[in-house]
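Structure record follows, encoded as structure tokens.
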Amino acid sequence: MSIPAITVTNVIKQFGRFAALRGVNAELYGGKFYAILGDNGAGKTTLLRALAGLAHPTQGTISILGMTPQTACCEIGYMAHPSLLYDEMSGMENLRYFARLYGIADDERCAQVVRSVGLDPELARPVGQYSQGMRQRMSLARAILHDPKILLLDEPFSNVDVHSAGEMVGLLRAMRDSGKTLFVVTHQAALLQGVADEFIWMQAGQIVSRTLDLPADFTGPVAR
Amino acid sequence: MNSLWSVTLATLAKDIRLEWRSKDALNSMLFFSLLVVVIFSFSFDPLAEESRRIAGGLIWVAILFAAVVALNQTWARELRNQVLDAYRVSPAPANALFLAKALGNFIFVSVLEALMAPLFIVFYNLRAVGPAWQLIPIALLGTWALVVNGTFFAAMSIRTRSREIMLPLLLFPVSIPAVIGMVAGTTAILTGDDPAHFWIILLLTYDVVFTTACLALFETVLQAE
Amino acid sequence: MKRAFPILAIVTAVLLAYALYQALVVAPTDAQQGDVYRIIYYHVPSAWTAFLLFFINFIASVRYLADGKPSTRQAAKWIAVAVGVAGAVAAFVIPLPGGIRPSAIATTVLAIPVFYFLLGKYFPGEKLDVLAVTTAEVGVVFCTIVLVTGPIWARPVWGIWWAPGDIRLTSTLVLWLIYVSYLILRRFSDSAQTQKLAAALAVFGALDVPLVYFSIWFFRTQHPQPVIGGGGSMDPKMLDVLMISWTAFLFFAFLVCWSRYRLEILRREVEQAHAMQSLSGADSSVSISSPAVSTRGSQ
């Protein structure tokens with residue numbers, strides 16, 4: 001058994017009187033594709049944000065590659081429900097800027113990443129005018145720009161058409177195959193059937209079980 | 001250090017480019033500044049002699065209010081689509097973001113001043129009796145004083161209710177020494193009665209103290225959830 | 001603890017009554033101002049009490065921020081000592097604006113490291129923040145008294161309600177504004193880090209006050225202004241009554257602070273209890289640290 005890439009130890013996250021995470025413990029290994037499932041309010045997004053270093057645990061610790069989430073920021077790519085992009089700039093302009101934040105001065109890298117998510121680097125349209133599918137893809141491009149080892153994706157398939165969603169899943173599968181560790185929060189578990197290595201189920205701020213497959217009679221929401 | 005400046009400049013360049021593209025904010029702010037000056041000119045209608053004594057105060061109060069409207073927009077683009085999160089998860093230093101925003105605001109408010117000052121001169125028939133060149137360090141230092149704290153408190157206000165009112169609420173009390181310095185210095189030069197040296201030194205001290213404080217504490221503010 | 005409070009309350013009441021008697025009856029009538037001046041026995045002690053409380057708030061805020069990270073924790077201790085020593089030396093070496101005694105500055109500056117270590121010892125961790133909010137609130141009350149009694153005193157004696165160039169009164173006003181904004185920030189902030197943000201604001205406020213003082217002082221030298229409260233020395237009998245009054249005020253301030261402190265501690269305990277309840281809440285679930293073999297998961 002190899003050393004876990006991510007260790008979550010008894011993490012509690014309180015917002016005033018409300019506890020979003022109530023003692024989450026997990027050991028998570030590199031090179032795997034984890035799907036995080038659960039009802040609304042189960043704490044999935046909060047857990048992801050905690051892993052990204054955006055939400056500081058009230059108690060407990062998170063260790064990513066032996067470091068705190070903030071120190072490990074170069075190895076983490078984060079994609080959230082909002083696009084995390086400037087609506088007024090084109091896709092390439094957005095990426096060029098975010099590349100500078102990571103110390104990447106290479107334009108070609110940005111173009112390559114844009115192509116890898118299936119978009120055109122030459123597109124001068126501002127991101128605000130993209131379709132939802134395009135926006136999600138550009139948001140993903142931003143997350144993978146600095147070639148992080150760990151990807152944290154919050155609902156990447158929401159409001160995306162079936163075709164685009166399928167393409168994204170293929171892309172994510174390829175990333176896992178190339179050695180990256182992926183965490184995908186989604187309501188559309190069926191999309192990841194046969195792709196995800198493990199399904200983590202959360203409820204009321206805790207992990208209730210971890211399975212290798214979706215149950216045979218799984219009747220969760222179908223990909224929209 | 002290298003990455004601090006490269007990120008600062010990249011962010012500043014991005015902000016200027018965005019501001020330039022949609023000149024909406026710039027145009028409406030310029031017009032707002034014009035309106036402020038006009039209202040002041042109707043409200044305070046002094047003779048030439050008196051005007052030199054109160055113009056310093058009027059100009060800086062007008063600039064203060066115009067600056068607050070501008071400062072409230074500082075983080076607006078970063079809050080849409082939660083772009084601020086993208087910055088927070090990156091290795092880019094927090095202070096680079098702060099400096100970029102402060103410099104951007106400095107440029108923006110200076111543009112407003114460049115419009116308002118000549119208007120004041122016209123409406124009040126102002127003429128500097130003292131050394132007029134000294135108005136430049138006062139304007140630069142005074143603007144930075146407002147902008148550095150304004151950018152900081154604008155970031156603090158992000159996590160509060162009534163965001164737009166929190167900024168002036170936090171900014172005004174702390175800015176009082178700077179306002180005194182700006183007003184007294186400008187009046188000293190316009191009337192020629194007293195030297196403005198102390199006021200320039202006061203503003204410089206204020207700028208150094210608070211720029212240091214902002215840089216030391218900005219990371220805490222940025223990482224607040 | 002529970003018994004001490006009522007006893008302290010009674011002692012405070014007695015002291016306040018005694019101070020009132022001293023102020024209104026025993027203290028001699030002022031040669032120039034007549035009996036109106038007696039408001040000084042409320043005005044000045046309120047000011048001193050407010051300044052002391054805000055000073056404690058400042059030190060508590062700095063310590064709270066510094067203790068947040070291990071790296072800053074150690075550094076801050078050394079800085080506090082350095083500031084105390086350097087400031088005390090500077091007070092005697094650097095020429096000060098007129099009216100300020102070097103020993104007064106030196107004492108204030110030396111108090112910084114002393115309070116820094118004392119507060120850190122007796123109010124660890126979150127308690128520093130409780131102390132901060134307590135002293136800010138009670139300080140604002142006393143500061144309000146100063147700002148109200150000031151003009152009331154000024155009007156009959158000097159003929160004006162307010163003098164913008166009056167250093168003390170104007171500095172007090174700015175201090176009041178800063179701390180009211182501090183309290184509003186605490187109330188309006190939705191952040192989980194409200195306490196740190198407020199502490200940062202307190203630091204800004206503390207840095208601001210000397211600058212306010214100097215800017216007004218210089219303004220006065222260029223534009224002579226009336227001084228409310230007069231300068232100069234005081235009749236020793238009056239000074240005695242002033243000290244009695246201040247002692248009574250300090251007891252009162254301590255009483256109110258203690259009360260507020262306990263209230264805040266209790267309030268936080270209640271919040272914590274609620275949170276704990278929601279934590280142990282509906283589900284008692286098992287946490288599994290390694291993947292189970294194809295078991296059914298609940299949704």
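Following the order of the structure tokens, first chain is A, next is B, and so on, with residues numbered from 1 inside each chain and ligands from 1 in the order they appear.
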
For the interface of chain B with chain A (cut-off 8 Å, counting only C-alpha atoms), please tabulate each contacting residue of chain B alongside its nearest pair of atoms and their separation in Å to one decimal, rows sorted by chain and increasing number, as a tab-separated table.
residue	atom	partner	partner_atom	distance
B:Ser3	CA	A:Gly103	CA	7.1
B:Ser6	CA	A:Arg100	CA	7.6
B:Val7	CA	A:Leu101	CA	6.0
B:Ala10	CA	A:Tyr97	CA	6.8
B:Thr11	CA	A:Tyr97	CA	7.5
B:Lys14	CA	A:Tyr97	CA	7.4
B:Leu18	CA	A:Glu88	CA	7.0
B:Arg77	CA	A:Tyr86	CA	7.2
B:Glu78	CA	A:Tyr86	CA	7.8
B:Arg80	CA	A:Tyr86	CA	7.9
B:Asn81	CA	A:Pro82	CA	4.9
B:Gln82	CA	A:Leu84	CA	5.3
B:Val83	CA	A:Leu84	CA	4.2
B:Leu84	CA	A:Leu84	CA	7.6
B:Asp85	CA	A:Leu84	CA	7.1
B:Ala86	CA	A:Leu84	CA	6.0
B:Tyr87	CA	A:Leu101	CA	7.6
B:Arg88	CA	A:Leu54	CA	7.2
B:Val89	CA	A:Cys73	CA	5.9
B:Ser90	CA	A:Cys73	CA	5.9
B:Pro91	CA	A:Cys73	CA	5.9
B:Ala92	CA	A:Leu101	CA	5.1
B:Gln223	CA	A:Leu54	CA	7.5
B:Glu225	CA	A:Ala55	CA	6.8

Restricting it to C-alpha atoms, dump the selection as a PDB file, in the first residue's frame.
ATOM      1  CA  SER B   3       7.213  37.056  -8.727  1.00  0.00           C
ATOM      2  CA  SER B   6       5.657  40.357 -12.186  1.00  0.00           C
ATOM      3  CA  VAL B   7       2.271  39.414 -10.759  1.00  0.00           C
ATOM      4  CA  ALA B  10       0.395  41.595 -14.827  1.00  0.00           C
ATOM      5  CA  THR B  11      -2.620  42.290 -12.621  1.00  0.00           C
ATOM      6  CA  LYS B  14      -5.068  43.415 -16.863  1.00  0.00           C
ATOM      7  CA  LEU B  18     -10.366  45.884 -18.752  1.00  0.00           C
ATOM      8  CA  ARG B  77     -14.718  42.170 -11.057  1.00  0.00           C
ATOM      9  CA  GLU B  78     -13.004  39.709  -8.776  1.00  0.00           C
ATOM     10  CA  ARG B  80     -18.196  38.209 -10.062  1.00  0.00           C
ATOM     11  CA  ASN B  81     -17.680  34.544 -10.858  1.00  0.00           C
ATOM     12  CA  GLN B  82     -15.617  34.285  -7.660  1.00  0.00           C
ATOM     13  CA  VAL B  83     -12.397  34.993  -9.510  1.00  0.00           C
ATOM     14  CA  LEU B  84     -10.876  35.894  -6.159  1.00  0.00           C
ATOM     15  CA  ASP B  85     -10.900  32.175  -5.320  1.00  0.00           C
ATOM     16  CA  ALA B  86      -8.757  31.516  -8.383  1.00  0.00           C
ATOM     17  CA  TYR B  87      -6.249  34.010  -7.037  1.00  0.00           C
ATOM     18  CA  ARG B  88      -6.340  32.568  -3.551  1.00  0.00           C
ATOM     19  CA  VAL B  89      -5.562  29.023  -4.695  1.00  0.00           C
ATOM     20  CA  SER B  90      -2.652  30.192  -6.818  1.00  0.00           C
ATOM     21  CA  PRO B  91       0.866  30.632  -5.449  1.00  0.00           C
ATOM     22  CA  ALA B  92       0.760  34.328  -6.337  1.00  0.00           C
ATOM     23  CA  GLN B 223      -7.826  34.708   3.185  1.00  0.00           C
ATOM     24  CA  GLU B 225     -13.785  33.457   4.237  1.00  0.00           C
TER      25      GLU B 225
END

Subject >> Expected answer as a PyMOL selection string: alpha helix (DSSP H) residues in range 34-181 of chain A >> reply: chain A and resi 44-52+91-101+107-116+132-144+162-177

Could you save the residues just selected, with C-alpha atoms, as a PDB file, in the first residue's frame?
ATOM      1  CA  LYS A  44     -19.275  18.020  -0.723  1.00  0.00           C
ATOM      2  CA  THR A  45     -18.440  21.536  -1.819  1.00  0.00           C
ATOM      3  CA  THR A  46     -17.124  22.447   1.613  1.00  0.00           C
ATOM      4  CA  LEU A  47     -14.850  19.425   1.590  1.00  0.00           C
ATOM      5  CA  LEU A  48     -13.529  20.356  -1.815  1.00  0.00           C
ATOM      6  CA  ARG A  49     -12.916  23.925  -0.735  1.00  0.00           C
ATOM      7  CA  ALA A  50     -11.137  22.689   2.356  1.00  0.00           C
ATOM      8  CA  LEU A  51      -8.885  20.540   0.181  1.00  0.00           C
ATOM      9  CA  ALA A  52      -8.221  23.563  -2.021  1.00  0.00           C
ATOM     10  CA  GLY A  91     -10.387  32.712 -23.116  1.00  0.00           C
ATOM     11  CA  MET A  92      -6.739  33.107 -24.050  1.00  0.00           C
ATOM     12  CA  GLU A  93      -6.479  36.458 -22.306  1.00  0.00           C
ATOM     13  CA  ASN A  94      -7.873  34.899 -19.149  1.00  0.00           C
ATOM     14  CA  LEU A  95      -5.425  32.026 -19.338  1.00  0.00           C
ATOM     15  CA  ARG A  96      -2.475  34.267 -20.074  1.00  0.00           C
ATOM     16  CA  TYR A  97      -3.246  36.215 -16.930  1.00  0.00           C
ATOM     17  CA  PHE A  98      -3.716  33.187 -14.709  1.00  0.00           C
ATOM     18  CA  ALA A  99      -0.557  31.700 -16.169  1.00  0.00           C
ATOM     19  CA  ARG A 100       1.337  34.696 -14.837  1.00  0.00           C
ATOM     20  CA  LEU A 101       0.018  33.933 -11.366  1.00  0.00           C
ATOM     21  CA  ASP A 107       1.786  31.523 -24.439  1.00  0.00           C
ATOM     22  CA  GLU A 108       2.056  28.217 -26.210  1.00  0.00           C
ATOM     23  CA  ARG A 109       1.203  26.373 -23.022  1.00  0.00           C
ATOM     24  CA  CYS A 110      -2.044  28.354 -22.759  1.00  0.00           C
ATOM     25  CA  ALA A 111      -2.959  27.607 -26.358  1.00  0.00           C
ATOM     26  CA  GLN A 112      -2.170  23.939 -25.895  1.00  0.00           C
ATOM     27  CA  VAL A 113      -4.372  23.707 -22.821  1.00  0.00           C
ATOM     28  CA  VAL A 114      -7.228  25.443 -24.611  1.00  0.00           C
ATOM     29  CA  ARG A 115      -6.972  22.976 -27.462  1.00  0.00           C
ATOM     30  CA  SER A 116      -6.857  20.062 -25.067  1.00  0.00           C
ATOM     31  CA  GLN A 132     -22.313  27.025 -20.570  1.00  0.00           C
ATOM     32  CA  GLY A 133     -20.447  24.077 -22.002  1.00  0.00           C
ATOM     33  CA  MET A 134     -17.696  26.271 -23.382  1.00  0.00           C
ATOM     34  CA  ARG A 135     -17.448  28.147 -20.102  1.00  0.00           C
ATOM     35  CA  GLN A 136     -17.061  24.934 -18.136  1.00  0.00           C
ATOM     36  CA  ARG A 137     -14.356  23.793 -20.496  1.00  0.00           C
ATOM     37  CA  MET A 138     -12.469  27.077 -20.260  1.00  0.00           C
ATOM     38  CA  SER A 139     -12.797  26.914 -16.491  1.00  0.00           C
ATOM     39  CA  LEU A 140     -11.281  23.443 -16.607  1.00  0.00           C
ATOM     40  CA  ALA A 141      -8.496  24.771 -18.819  1.00  0.00           C
ATOM     41  CA  ARG A 142      -7.707  27.362 -16.167  1.00  0.00           C
ATOM     42  CA  ALA A 143      -7.581  24.645 -13.533  1.00  0.00           C
ATOM     43  CA  ILE A 144      -5.129  22.468 -15.450  1.00  0.00           C
ATOM     44  CA  VAL A 162     -24.750  15.360 -22.962  1.00  0.00           C
ATOM     45  CA  HIS A 163     -22.206  15.479 -25.751  1.00  0.00           C
ATOM     46  CA  SER A 164     -19.942  18.019 -24.058  1.00  0.00           C
ATOM     47  CA  ALA A 165     -20.253  16.196 -20.759  1.00  0.00           C
ATOM     48  CA  GLY A 166     -19.170  12.976 -22.411  1.00  0.00           C
ATOM     49  CA  GLU A 167     -16.167  14.709 -23.916  1.00  0.00           C
ATOM     50  CA  MET A 168     -15.213  16.176 -20.575  1.00  0.00           C
ATOM     51  CA  VAL A 169     -15.411  12.772 -18.939  1.00  0.00           C
ATOM     52  CA  GLY A 170     -13.066  11.430 -21.612  1.00  0.00           C
ATOM     53  CA  LEU A 171     -10.687  14.268 -20.920  1.00  0.00           C
ATOM     54  CA  LEU A 172     -10.753  13.600 -17.192  1.00  0.00           C
ATOM     55  CA  ARG A 173     -10.190   9.919 -17.754  1.00  0.00           C
ATOM     56  CA  ALA A 174      -7.126  10.734 -19.827  1.00  0.00           C
ATOM     57  CA  MET A 175      -5.833  12.929 -17.033  1.00  0.00           C
ATOM     58  CA  ARG A 176      -6.250  10.185 -14.500  1.00  0.00           C
ATOM     59  CA  ASP A 177      -4.487   7.804 -16.853  1.00  0.00           C
TER      60      ASP A 177
END

Sort by chain and increasing residue number a table of all residues of chain B within 10 Å of chain C, each with its closest pair of atoms and their distance in Å to one decimal, counting only C-alpha atoms, and write it as CSV.
residue,atom,partner,partner_atom,distance
B:Asn149,CA,C:Phe204,CA,9.4
B:Phe153,CA,C:Leu201,CA,8.9
B:Met156,CA,C:Leu197,CA,7.1
B:Ser157,CA,C:Ser189,CA,7.8
B:Ile158,CA,C:Ser189,CA,8.9
B:Arg159,CA,C:Ser191,CA,5.4
B:Thr160,CA,C:Ser189,CA,4.1
B:Arg161,CA,C:Phe188,CA,5.5
B:Ser162,CA,C:Phe188,CA,7.6
B:Arg163,CA,C:Phe188,CA,9.0
B:Met166,CA,C:Leu185,CA,7.5
B:Pro168,CA,C:Ser181,CA,9.8
B:Leu169,CA,C:Ser181,CA,6.2
B:Leu170,CA,C:Ser181,CA,5.8
B:Leu171,CA,C:Ser181,CA,9.1
B:Phe172,CA,C:Ile178,CA,8.7
B:Pro173,CA,C:Ile178,CA,5.5
B:Val174,CA,C:Asp208,CA,6.0
B:Ser175,CA,C:Asp208,CA,8.1
B:Ile176,CA,C:Val212,CA,6.9
B:Pro177,CA,C:Val212,CA,4.8
B:Ala178,CA,C:Val212,CA,8.5
B:Val179,CA,C:Ser215,CA,9.7
B:Ile180,CA,C:Ser215,CA,6.8
B:Gly181,CA,C:Ser215,CA,6.8
B:Ala184,CA,C:Phe219,CA,7.6
B:Gly185,CA,C:Phe219,CA,10.0
B:Ala188,CA,C:Gln222,CA,9.6
B:Asp193,CA,C:Gln222,CA,9.2
B:Asp194,CA,C:Gln222,CA,7.3
B:Pro195,CA,C:Gln222,CA,9.4
B:Phe198,CA,C:Phe218,CA,7.9
B:Trp199,CA,C:Ser215,CA,7.9
B:Leu202,CA,C:Ser215,CA,7.2
B:Leu203,CA,C:Leu211,CA,9.5
B:Thr205,CA,C:Leu211,CA,8.5
B:Tyr206,CA,C:Leu211,CA,7.2
B:Val209,CA,C:Leu207,CA,7.6
B:Phe210,CA,C:Phe204,CA,7.6
B:Ala213,CA,C:Phe204,CA,7.2
B:Cys214,CA,C:Phe204,CA,8.7
B:Ala216,CA,C:Ala200,CA,9.8
B:Leu217,CA,C:Ala200,CA,6.8
B:Phe218,CA,C:Ala200,CA,9.2
B:Thr220,CA,C:Lys196,CA,7.4
B:Val221,CA,C:Leu197,CA,6.5
B:Gln223,CA,C:Gln193,CA,8.6
B:Ala224,CA,C:Gln193,CA,5.4
B:Glu225,CA,C:Ser191,CA,5.5

Store the residues of this selection in a file with C-alpha atoms, as a PDB file, in the first residue's frame.
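For reference, again02.pdb as written:
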ATOM      1  CA  ASN B 149      -6.271  52.396   2.939  1.00  0.00           C
ATOM      2  CA  PHE B 153     -10.847  48.464   3.608  1.00  0.00           C
ATOM      3  CA  MET B 156     -12.351  44.025   4.295  1.00  0.00           C
ATOM      4  CA  SER B 157     -15.817  45.108   3.262  1.00  0.00           C
ATOM      5  CA  ILE B 158     -16.133  42.183   0.872  1.00  0.00           C
ATOM      6  CA  ARG B 159     -17.141  39.921   3.732  1.00  0.00           C
ATOM      7  CA  THR B 160     -19.631  42.302   5.294  1.00  0.00           C
ATOM      8  CA  ARG B 161     -23.239  43.145   4.763  1.00  0.00           C
ATOM      9  CA  SER B 162     -23.893  46.659   3.407  1.00  0.00           C
ATOM     10  CA  ARG B 163     -20.621  46.512   1.575  1.00  0.00           C
ATOM     11  CA  MET B 166     -18.776  49.821   5.147  1.00  0.00           C
ATOM     12  CA  PRO B 168     -16.370  54.869   3.849  1.00  0.00           C
ATOM     13  CA  LEU B 169     -17.333  53.940   7.395  1.00  0.00           C
ATOM     14  CA  LEU B 170     -13.988  52.236   7.927  1.00  0.00           C
ATOM     15  CA  LEU B 171     -11.960  54.581   5.744  1.00  0.00           C
ATOM     16  CA  PHE B 172     -12.966  58.024   6.970  1.00  0.00           C
ATOM     17  CA  PRO B 173     -11.910  57.851  10.630  1.00  0.00           C
ATOM     18  CA  VAL B 174      -8.513  56.383   9.791  1.00  0.00           C
ATOM     19  CA  SER B 175      -8.000  58.933   6.989  1.00  0.00           C
ATOM     20  CA  ILE B 176      -8.487  61.987   9.168  1.00  0.00           C
ATOM     21  CA  PRO B 177      -4.798  62.829   9.661  1.00  0.00           C
ATOM     22  CA  ALA B 178      -4.221  62.490   5.937  1.00  0.00           C
ATOM     23  CA  VAL B 179      -7.198  64.720   5.168  1.00  0.00           C
ATOM     24  CA  ILE B 180      -5.932  67.321   7.611  1.00  0.00           C
ATOM     25  CA  GLY B 181      -2.551  67.148   5.919  1.00  0.00           C
ATOM     26  CA  ALA B 184      -3.944  72.268   5.402  1.00  0.00           C
ATOM     27  CA  GLY B 185      -1.121  71.789   2.934  1.00  0.00           C
ATOM     28  CA  ALA B 188      -1.073  76.818   2.950  1.00  0.00           C
ATOM     29  CA  ASP B 193       0.494  82.210   4.488  1.00  0.00           C
ATOM     30  CA  ASP B 194       2.528  79.285   5.789  1.00  0.00           C
ATOM     31  CA  PRO B 195       5.046  76.752   4.566  1.00  0.00           C
ATOM     32  CA  PHE B 198       5.359  69.839   7.623  1.00  0.00           C
ATOM     33  CA  TRP B 199       2.220  68.714   5.844  1.00  0.00           C
ATOM     34  CA  LEU B 202       3.128  64.275   7.656  1.00  0.00           C
ATOM     35  CA  LEU B 203       1.591  62.807   4.506  1.00  0.00           C
ATOM     36  CA  THR B 205       4.880  59.500   7.266  1.00  0.00           C
ATOM     37  CA  TYR B 206       1.223  58.539   6.999  1.00  0.00           C
ATOM     38  CA  VAL B 209       3.089  53.767   8.132  1.00  0.00           C
ATOM     39  CA  PHE B 210      -0.122  52.661   6.491  1.00  0.00           C
ATOM     40  CA  ALA B 213       0.388  48.089   7.815  1.00  0.00           C
ATOM     41  CA  CYS B 214      -1.636  47.214   4.721  1.00  0.00           C
ATOM     42  CA  ALA B 216       1.529  43.263   6.616  1.00  0.00           C
ATOM     43  CA  LEU B 217      -2.156  42.553   7.125  1.00  0.00           C
ATOM     44  CA  PHE B 218      -3.567  42.123   3.630  1.00  0.00           C
ATOM     45  CA  THR B 220      -5.163  37.972   6.567  1.00  0.00           C
ATOM     46  CA  VAL B 221      -7.936  39.960   4.912  1.00  0.00           C
ATOM     47  CA  GLN B 223      -7.826  34.708   3.185  1.00  0.00           C
ATOM     48  CA  ALA B 224     -10.865  35.577   5.288  1.00  0.00           C
ATOM     49  CA  GLU B 225     -13.785  33.457   4.237  1.00  0.00           C
TER      50      GLU B 225
END

Original post:
Neighbours of Phe51 in chain C within 12 Å (only C-alpha atoms; same-chain residues fewer than 3 positions away dropped), as a PyMOL selection string?
Top reply: chain C and resi 44-48+54-58+108+135-136+138-144+146+168+171-173+175-176+179+206+209+250+253

Given the selection you just returned, output its residues as a file containing N, CA and C atoms, formatted as a short mmCIF file (atom, residue, chain, number, x, y, z; two decimals), in the first residue's frame.
data_model
loop_
_atom_site.label_atom_id
_atom_site.label_comp_id
_atom_site.auth_asym_id
_atom_site.auth_seq_id
_atom_site.Cartn_x
_atom_site.Cartn_y
_atom_site.Cartn_z
N VAL C 44 -12.44 64.33 32.68
CA VAL C 44 -11.06 63.84 32.59
C VAL C 44 -10.92 62.37 32.96
N PRO C 45 -11.48 61.93 34.10
CA PRO C 45 -11.36 60.49 34.39
C PRO C 45 -11.98 59.61 33.31
N SER C 46 -13.08 60.07 32.71
CA SER C 46 -13.66 59.28 31.62
C SER C 46 -12.66 59.14 30.49
N ALA C 47 -11.97 60.26 30.20
CA ALA C 47 -10.99 60.22 29.11
C ALA C 47 -9.88 59.24 29.44
N TRP C 48 -9.32 59.34 30.64
CA TRP C 48 -8.23 58.44 31.01
C TRP C 48 -8.68 56.99 30.96
N PHE C 54 -8.92 51.45 25.50
CA PHE C 54 -8.53 51.32 24.10
C PHE C 54 -7.10 50.81 23.98
N PHE C 55 -6.26 51.19 24.92
CA PHE C 55 -4.88 50.71 24.93
C PHE C 55 -4.88 49.19 25.10
N ILE C 56 -5.68 48.73 26.06
CA ILE C 56 -5.77 47.28 26.28
C ILE C 56 -6.30 46.60 25.02
N ASN C 57 -7.30 47.20 24.39
CA ASN C 57 -7.84 46.64 23.15
C ASN C 57 -6.76 46.52 22.08
N PHE C 58 -5.96 47.56 21.95
CA PHE C 58 -4.90 47.56 20.96
C PHE C 58 -3.91 46.42 21.22
N THR C 108 3.96 55.17 29.02
CA THR C 108 3.00 54.56 28.08
C THR C 108 3.69 53.53 27.21
N THR C 135 -13.39 45.59 25.90
CA THR C 135 -12.78 46.89 26.13
C THR C 135 -13.20 47.90 25.07
N ALA C 136 -13.43 47.43 23.84
CA ALA C 136 -13.88 48.35 22.81
C ALA C 136 -15.25 48.92 23.16
N VAL C 138 -16.90 49.06 26.13
CA VAL C 138 -16.93 49.90 27.33
C VAL C 138 -16.15 51.19 27.07
N GLY C 139 -15.07 51.07 26.30
CA GLY C 139 -14.27 52.24 25.95
C GLY C 139 -15.09 53.27 25.19
N VAL C 140 -15.92 52.77 24.26
CA VAL C 140 -16.76 53.69 23.48
C VAL C 140 -17.73 54.44 24.39
N VAL C 141 -18.25 53.74 25.38
CA VAL C 141 -19.17 54.40 26.32
C VAL C 141 -18.47 55.55 27.04
N PHE C 142 -17.29 55.24 27.58
CA PHE C 142 -16.56 56.29 28.30
C PHE C 142 -16.14 57.41 27.36
N CYS C 143 -15.77 57.04 26.16
CA CYS C 143 -15.38 58.05 25.19
C CYS C 143 -16.55 58.97 24.85
N THR C 144 -17.74 58.37 24.77
CA THR C 144 -18.93 59.18 24.52
C THR C 144 -19.14 60.19 25.63
N VAL C 146 -16.87 61.55 27.43
CA VAL C 146 -15.90 62.63 27.25
C VAL C 146 -16.40 63.62 26.21
N ARG C 168 -6.86 67.62 22.29
CA ARG C 168 -7.37 66.50 23.08
C ARG C 168 -8.76 66.09 22.63
N SER C 171 -8.69 64.60 19.06
CA SER C 171 -8.10 63.26 19.05
C SER C 171 -9.07 62.26 19.65
N THR C 172 -9.75 62.69 20.70
CA THR C 172 -10.73 61.80 21.33
C THR C 172 -11.86 61.50 20.36
N LEU C 173 -12.27 62.50 19.62
CA LEU C 173 -13.34 62.28 18.64
C LEU C 173 -12.92 61.25 17.61
N LEU C 175 -10.67 58.94 17.91
CA LEU C 175 -10.60 57.64 18.58
C LEU C 175 -12.00 57.03 18.69
N TRP C 176 -12.96 57.88 19.05
CA TRP C 176 -14.34 57.42 19.16
C TRP C 176 -14.83 56.90 17.81
N TYR C 179 -13.32 53.51 16.94
CA TYR C 179 -13.85 52.37 17.66
C TYR C 179 -15.32 52.11 17.39
N ALA C 206 -4.87 52.31 16.10
CA ALA C 206 -3.81 52.69 17.02
C ALA C 206 -2.68 53.44 16.29
N VAL C 209 -3.82 57.23 15.70
CA VAL C 209 -3.99 58.24 16.75
C VAL C 209 -2.79 59.17 16.92
N LEU C 250 -12.40 53.81 37.53
CA LEU C 250 -11.71 52.58 37.18
C LEU C 250 -12.43 51.36 37.75
N ALA C 253 -15.45 50.90 35.64
CA ALA C 253 -15.09 50.33 34.33
C ALA C 253 -14.78 48.85 34.47
#

Subject >> Polymer residues at most 12 Å from Ala25 in chain B, only C-alpha atoms, same-chain spacing of 2 or more positions, as a PyMOL selection string >> reply: chain B and resi 16+18-23+27-32+69-74+76-77+108+112

Against chain C, which residues of chain A fall within 10 Å? For each one I want the closest pair of atoms and the distance in Å (one decimal), counting only C-alpha atoms, rows by chain and increasing residue number, as a tab-separated table.
residue	atom	partner	partner_atom	distance
A:Thr7	CA	C:Ser289	CA	9.5
A:Val8	CA	C:Ser289	CA	9.5
A:Thr9	CA	C:Ser289	CA	9.9
A:Asn10	CA	C:Ser287	CA	9.6
A:Ile12	CA	C:Leu279	CA	8.4
A:Lys13	CA	C:Leu279	CA	9.6
A:Gln14	CA	C:Ala275	CA	7.2
A:Phe15	CA	C:Ala192	CA	6.9
A:Gly16	CA	C:Ala275	CA	7.2
A:Arg17	CA	C:Ala275	CA	4.5
A:Phe18	CA	C:Ala275	CA	6.1
A:Ala19	CA	C:Leu279	CA	6.0
A:Ala20	CA	C:Leu279	CA	8.7
A:Leu21	CA	C:Leu279	CA	8.1
A:Arg22	CA	C:Leu279	CA	5.4
A:Gly23	CA	C:Leu279	CA	8.1
A:Val24	CA	C:Ser287	CA	7.3
A:Asn25	CA	C:Ser287	CA	6.3
A:Ala26	CA	C:Ser289	CA	5.0
A:Glu27	CA	C:Ser289	CA	5.7
A:Leu28	CA	C:Ser290	CA	8.2
A:Tyr29	CA	C:Ser290	CA	9.9
A:Leu37	CA	C:Gln299	CA	8.2
A:Gly38	CA	C:Gln299	CA	6.2
A:Asp39	CA	C:Gln299	CA	7.3
A:Ala55	CA	C:Ala192	CA	9.6
A:His56	CA	C:Ala192	CA	9.3
A:Thr58	CA	C:Ala192	CA	9.6
A:Glu198	CA	C:Pro291	CA	7.7
A:Phe199	CA	C:Pro291	CA	9.1
A:Ile200	CA	C:Gly297	CA	8.9
A:Trp201	CA	C:Gln299	CA	6.9
A:Met202	CA	C:Gln299	CA	7.9
A:Gln203	CA	C:Gln299	CA	7.5
A:Ala204	CA	C:Asp283	CA	7.4
A:Gly205	CA	C:Leu279	CA	8.5
A:Gln206	CA	C:Ser285	CA	7.3
A:Ile207	CA	C:Ser287	CA	6.1
A:Val208	CA	C:Ser285	CA	5.9
A:Ser209	CA	C:Gly297	CA	5.7
A:Arg210	CA	C:Pro291	CA	5.6
A:Thr211	CA	C:Ser294	CA	5.4
A:Leu212	CA	C:Ser294	CA	5.7
A:Asp213	CA	C:Ser294	CA	6.5
A:Leu214	CA	C:Arg296	CA	8.3
A:Pro215	CA	C:Arg296	CA	6.2
A:Ala216	CA	C:Arg296	CA	9.1
A:Phe218	CA	C:Gln299	CA	9.7
A:Gly220	CA	C:Gln299	CA	9.0
